[in-house]
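**Student:** There's a structure below that I have some questions on.
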Amino acid sequence: MTHLVIDIGNTLTKVAVFELDQLVQVNQFEIVEADYFYELLDKYKVTRAIVSSVKKNTEAWLTDLEAKVPLVYFNNLMTSGIKNHYLTPGTLGTDRLAAVIGASHLYPGQNSLVITGGTCITYDYVDSGANYFGGSISPGLNMRYKAVNNYTAGLPLINADTDFNAAYGNNTETAIRSGVQNGIKYELTGFIESYKAVNNQLNIVLSGGDSIFFDRLLKNSIFAPYIKNEPYLVLKGLNAAIQKHND
């Protein structure tokens, strides 16, 4: 079975092709052209497609795609073996649900804390019994830099610097950088410590566009041996969901 997997995020749309569990192609776009999908359908002989979207409006190209291949819209009922205890499952972001499905699929019978770095940073825990109760959402890396600029009169907008590793800043730019990037580092370690206090046997699964940056922040920490970098975790979770959906 060959699946087309589409993850429509706040900023980017990620598109992947899977042959069973094997990821064979992946790409991401700010603006999607329908012709790209037609090329994939023909090249890989896609049999099914699944789409997850955090947006309220439906993309126009989805209607065209639905006419070409059986298309499933991922929703909160497609838990794929996850026991979802979230109190309001209808409000749970499909990207968060897909991420915990992906972690449980990749590391069955294990405890996993999924940390996704995108527009927001999300923390979601799934235990060894595939139970999911909820998690946390905080502002993402770029959102923090923009907030410092937007909500003050005199602080500049600067970009992230993945090579920054000072304990503090000695001018305005580096002070902002220290506050934002060290702040995220301390937030990451604080959340990990709290979950490891509950269960010491814990995978730390990093995903999303900032996963490599998070990995770098944590590489010298005591948590480094537990880190699993899975930048395509949501896509893998969606692929697991469509496989289960069609069993």
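Ligands are numbered from 1 in the order shown, chains are lettered A, B, ... in the order of the structure tokens, and residues start at 1 in each chain.
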Extract, using only C-alpha atoms, all DNA, RNA and protein residues at most 8 Å from segment 197-211 of chain A, discarding same-chain residues fewer than 3 positions from it, and format them as a JSON list (two decimals) with C-alpha atoms, in the first residue's frame.

**Tutor:**
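The result, stored in result.json:
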```
[["chain", "number", "residue", "atom", "x", "y", "z"],
["A", 103, "ALA", "CA", 5.34, 8.03, 19.15],
["A", 110, "GLN", "CA", 7.22, 2.57, 26.13],
["A", 111, "ASN", "CA", 6.63, 5.91, 27.85],
["A", 112, "SER", "CA", 7.21, 8.88, 25.55],
["A", 113, "LEU", "CA", 7.20, 12.63, 26.06],
["A", 114, "VAL", "CA", 6.62, 14.22, 22.65],
["A", 115, "ILE", "CA", 8.03, 17.73, 22.30],
["A", 116, "THR", "CA", 7.07, 19.46, 19.06],
["A", 117, "GLY", "CA", 8.71, 22.72, 18.07],
["A", 118, "GLY", "CA", 6.74, 24.73, 15.55],
["A", 141, "LEU", "CA", 10.84, 30.12, 19.19],
["A", 192, "ILE", "CA", 11.36, 16.74, 31.12],
["A", 193, "GLU", "CA", 12.34, 16.65, 34.79],
["A", 194, "SER", "CA", 8.69, 16.77, 35.87],
["A", 214, "PHE", "CA", 16.00, 21.59, 20.60],
["A", 215, "ASP", "CA", 18.30, 18.60, 20.16],
["A", 226, "TYR", "CA", 16.87, 9.47, 26.08],
["A", 227, "ILE", "CA", 16.39, 11.77, 23.07],
["A", 228, "LYS", "CA", 14.82, 10.45, 19.86],
["A", 229, "ASN", "CA", 14.82, 12.98, 17.04],
["A", 230, "GLU", "CA", 11.80, 12.37, 14.81],
["A", 231, "PRO", "CA", 11.28, 15.46, 12.62],
["A", 232, "TYR", "CA", 8.54, 13.68, 10.64],
["A", 233, "LEU", "CA", 6.68, 12.28, 13.66],
["A", 234, "VAL", "CA", 3.29, 13.81, 12.76]]
```

**Student:** What parts of segment 46-198 of chain A does DSSP call alpha helix (DSSP H)? I'd like the answer as a ChimeraX atom specification.

**Tutor:** /A:60-66,94-106,141-150,172-177,183-198

**Student:** What's the 12 Å shell around Gly183 of chain A, counting only C-alpha atoms, without same-chain residues fewer than 3 positions away, as a PyMOL selection string?

**Tutor:** chain A and resi 138-141+144-145+165+167-168+175-180+186-190+214+217

**Student:** Residues at most 7 Å from segment 155-161 of chain A, counting only C-alpha atoms, excluding those fewer than 5 positions away in the same chain, as an MDAnalysis selection string?

**Tutor:** chainID A and resid 145:146 148:149

**Student:** Residues of the last selection are to be written out with N, CA, C and O atoms, as a PDB file, in the first residue's frame.

**Tutor:**
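Contents of the output file again17.pdb:
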```pdb
ATOM      1  N   TYR A 145      10.409  35.682  19.793  1.00  0.00           N
ATOM      2  CA  TYR A 145      11.176  36.820  19.269  1.00  0.00           C
ATOM      3  C   TYR A 145      10.246  37.923  18.765  1.00  0.00           C
ATOM      4  O   TYR A 145      10.478  39.105  18.999  1.00  0.00           O
ATOM      5  N   LYS A 146       9.169  37.526  18.073  1.00  0.00           N
ATOM      6  CA  LYS A 146       8.229  38.517  17.549  1.00  0.00           C
ATOM      7  C   LYS A 146       7.491  39.227  18.683  1.00  0.00           C
ATOM      8  O   LYS A 146       7.235  40.432  18.606  1.00  0.00           O
ATOM      9  N   VAL A 148       8.579  39.890  21.729  1.00  0.00           N
ATOM     10  CA  VAL A 148       9.472  40.861  22.363  1.00  0.00           C
ATOM     11  C   VAL A 148       9.461  42.175  21.595  1.00  0.00           C
ATOM     12  O   VAL A 148       9.440  43.269  22.183  1.00  0.00           O
ATOM     13  N   ASN A 149       9.443  42.081  20.275  1.00  0.00           N
ATOM     14  CA  ASN A 149       9.426  43.277  19.433  1.00  0.00           C
ATOM     15  C   ASN A 149       8.047  43.933  19.401  1.00  0.00           C
ATOM     16  O   ASN A 149       7.918  45.154  19.532  1.00  0.00           O
TER      17      ASN A 149
END
```

**Student:** Excluding segment 15-19 of chain A and residues on its chain fewer than 4 positions from it, collect all residues at most 7 Å away from it, counting only C-alpha atoms, and give them as a ChimeraX atom specification.

**Tutor:** /A:1-7,23-28

**Student:** Would you save the residues of that selection, restricted to all heavy atoms, as a compact mmCIF listing (two decimals), in the first residue's frame?

**Tutor:**
```txt
# COMPACT_ATOMS: atom_id res chain seq x y z
N MET A 1 0.83 -1.20 0.00
CA MET A 1 0.00 0.00 0.00
C MET A 1 0.87 1.25 0.00
O MET A 1 1.83 1.34 0.76
CB MET A 1 -0.90 0.02 1.24
CG MET A 1 -1.94 -1.10 1.27
SD MET A 1 -3.20 -0.81 0.03
CE MET A 1 -4.30 -2.18 0.39
N THR A 2 0.54 2.18 -0.86
CA THR A 2 1.27 3.45 -0.93
C THR A 2 0.32 4.57 -0.52
O THR A 2 -0.76 4.72 -1.08
CB THR A 2 1.80 3.71 -2.35
OG1 THR A 2 2.62 2.60 -2.74
CG2 THR A 2 2.62 4.98 -2.39
N HIS A 3 0.76 5.35 0.48
CA HIS A 3 -0.10 6.39 1.04
C HIS A 3 0.50 7.77 0.81
O HIS A 3 1.71 7.97 0.97
CB HIS A 3 -0.28 6.17 2.55
CG HIS A 3 -0.93 4.88 2.89
ND1 HIS A 3 -0.58 4.13 3.99
CD2 HIS A 3 -1.91 4.19 2.27
CE1 HIS A 3 -1.31 3.04 4.03
NE2 HIS A 3 -2.12 3.05 3.00
N LEU A 4 -0.36 8.71 0.49
CA LEU A 4 -0.01 10.13 0.44
C LEU A 4 -0.47 10.75 1.75
O LEU A 4 -1.64 10.64 2.12
CB LEU A 4 -0.70 10.80 -0.74
CG LEU A 4 -0.47 12.31 -0.92
CD1 LEU A 4 0.99 12.60 -1.22
CD2 LEU A 4 -1.37 12.84 -2.03
N VAL A 5 0.44 11.39 2.46
CA VAL A 5 0.15 11.94 3.79
C VAL A 5 0.40 13.44 3.75
O VAL A 5 1.48 13.90 3.36
CB VAL A 5 1.04 11.28 4.87
CG1 VAL A 5 0.78 11.90 6.23
CG2 VAL A 5 0.78 9.77 4.91
N ILE A 6 -0.61 14.22 4.17
CA ILE A 6 -0.55 15.68 4.09
C ILE A 6 -0.83 16.26 5.46
O ILE A 6 -1.86 15.97 6.07
CB ILE A 6 -1.58 16.21 3.07
CG1 ILE A 6 -1.39 15.54 1.70
CG2 ILE A 6 -1.48 17.73 2.95
CD1 ILE A 6 -2.55 15.76 0.76
N ASP A 7 0.07 17.10 5.93
CA ASP A 7 -0.07 17.77 7.22
C ASP A 7 -0.08 19.28 6.97
O ASP A 7 0.96 19.86 6.64
CB ASP A 7 1.08 17.37 8.14
CG ASP A 7 1.09 18.17 9.44
OD1 ASP A 7 0.01 18.58 9.89
OD2 ASP A 7 2.19 18.38 10.01
N LEU A 23 9.11 5.77 4.74
CA LEU A 23 9.00 7.11 4.18
C LEU A 23 9.87 7.20 2.93
O LEU A 23 11.09 7.04 3.01
CB LEU A 23 9.44 8.14 5.21
CG LEU A 23 9.47 9.61 4.79
CD1 LEU A 23 8.08 10.10 4.42
CD2 LEU A 23 10.06 10.48 5.90
N VAL A 24 9.27 7.44 1.77
CA VAL A 24 10.03 7.43 0.52
C VAL A 24 10.22 8.82 -0.06
O VAL A 24 11.14 9.05 -0.85
CB VAL A 24 9.38 6.50 -0.53
CG1 VAL A 24 9.42 5.06 -0.05
CG2 VAL A 24 7.95 6.93 -0.85
N GLN A 25 9.36 9.77 0.31
CA GLN A 25 9.53 11.15 -0.17
C GLN A 25 8.82 12.09 0.77
O GLN A 25 7.75 11.78 1.29
CB GLN A 25 9.00 11.32 -1.59
CG GLN A 25 9.18 12.75 -2.13
CD GLN A 25 8.92 12.86 -3.62
OE1 GLN A 25 9.20 11.93 -4.37
NE2 GLN A 25 8.41 14.00 -4.06
N VAL A 26 9.44 13.26 1.00
CA VAL A 26 8.81 14.27 1.84
C VAL A 26 9.22 15.65 1.35
O VAL A 26 10.34 15.84 0.86
CB VAL A 26 9.20 14.08 3.33
CG1 VAL A 26 10.70 14.27 3.54
CG2 VAL A 26 8.40 15.01 4.23
N ASN A 27 8.29 16.59 1.44
CA ASN A 27 8.58 17.96 1.04
C ASN A 27 7.66 18.88 1.83
O ASN A 27 6.69 18.43 2.47
CB ASN A 27 8.36 18.16 -0.46
CG ASN A 27 9.29 19.18 -1.05
OD1 ASN A 27 9.75 20.09 -0.36
ND2 ASN A 27 9.59 19.05 -2.33
N GLN A 28 7.97 20.17 1.84
CA GLN A 28 7.12 21.13 2.54
C GLN A 28 6.99 22.40 1.72
O GLN A 28 7.90 22.77 0.97
CB GLN A 28 7.66 21.43 3.94
CG GLN A 28 9.04 22.03 3.98
CD GLN A 28 9.52 22.21 5.41
OE1 GLN A 28 9.14 21.49 6.32
NE2 GLN A 28 10.39 23.18 5.63
```

**Student:** Contacts of segment 58-70 of chain A at 8 Å or less, counting only C-alpha atoms, minus same-chain residues fewer than 3 places along, as a ChimeraX atom specification?

**Tutor:** /A:33-34,37-38,46-49,55
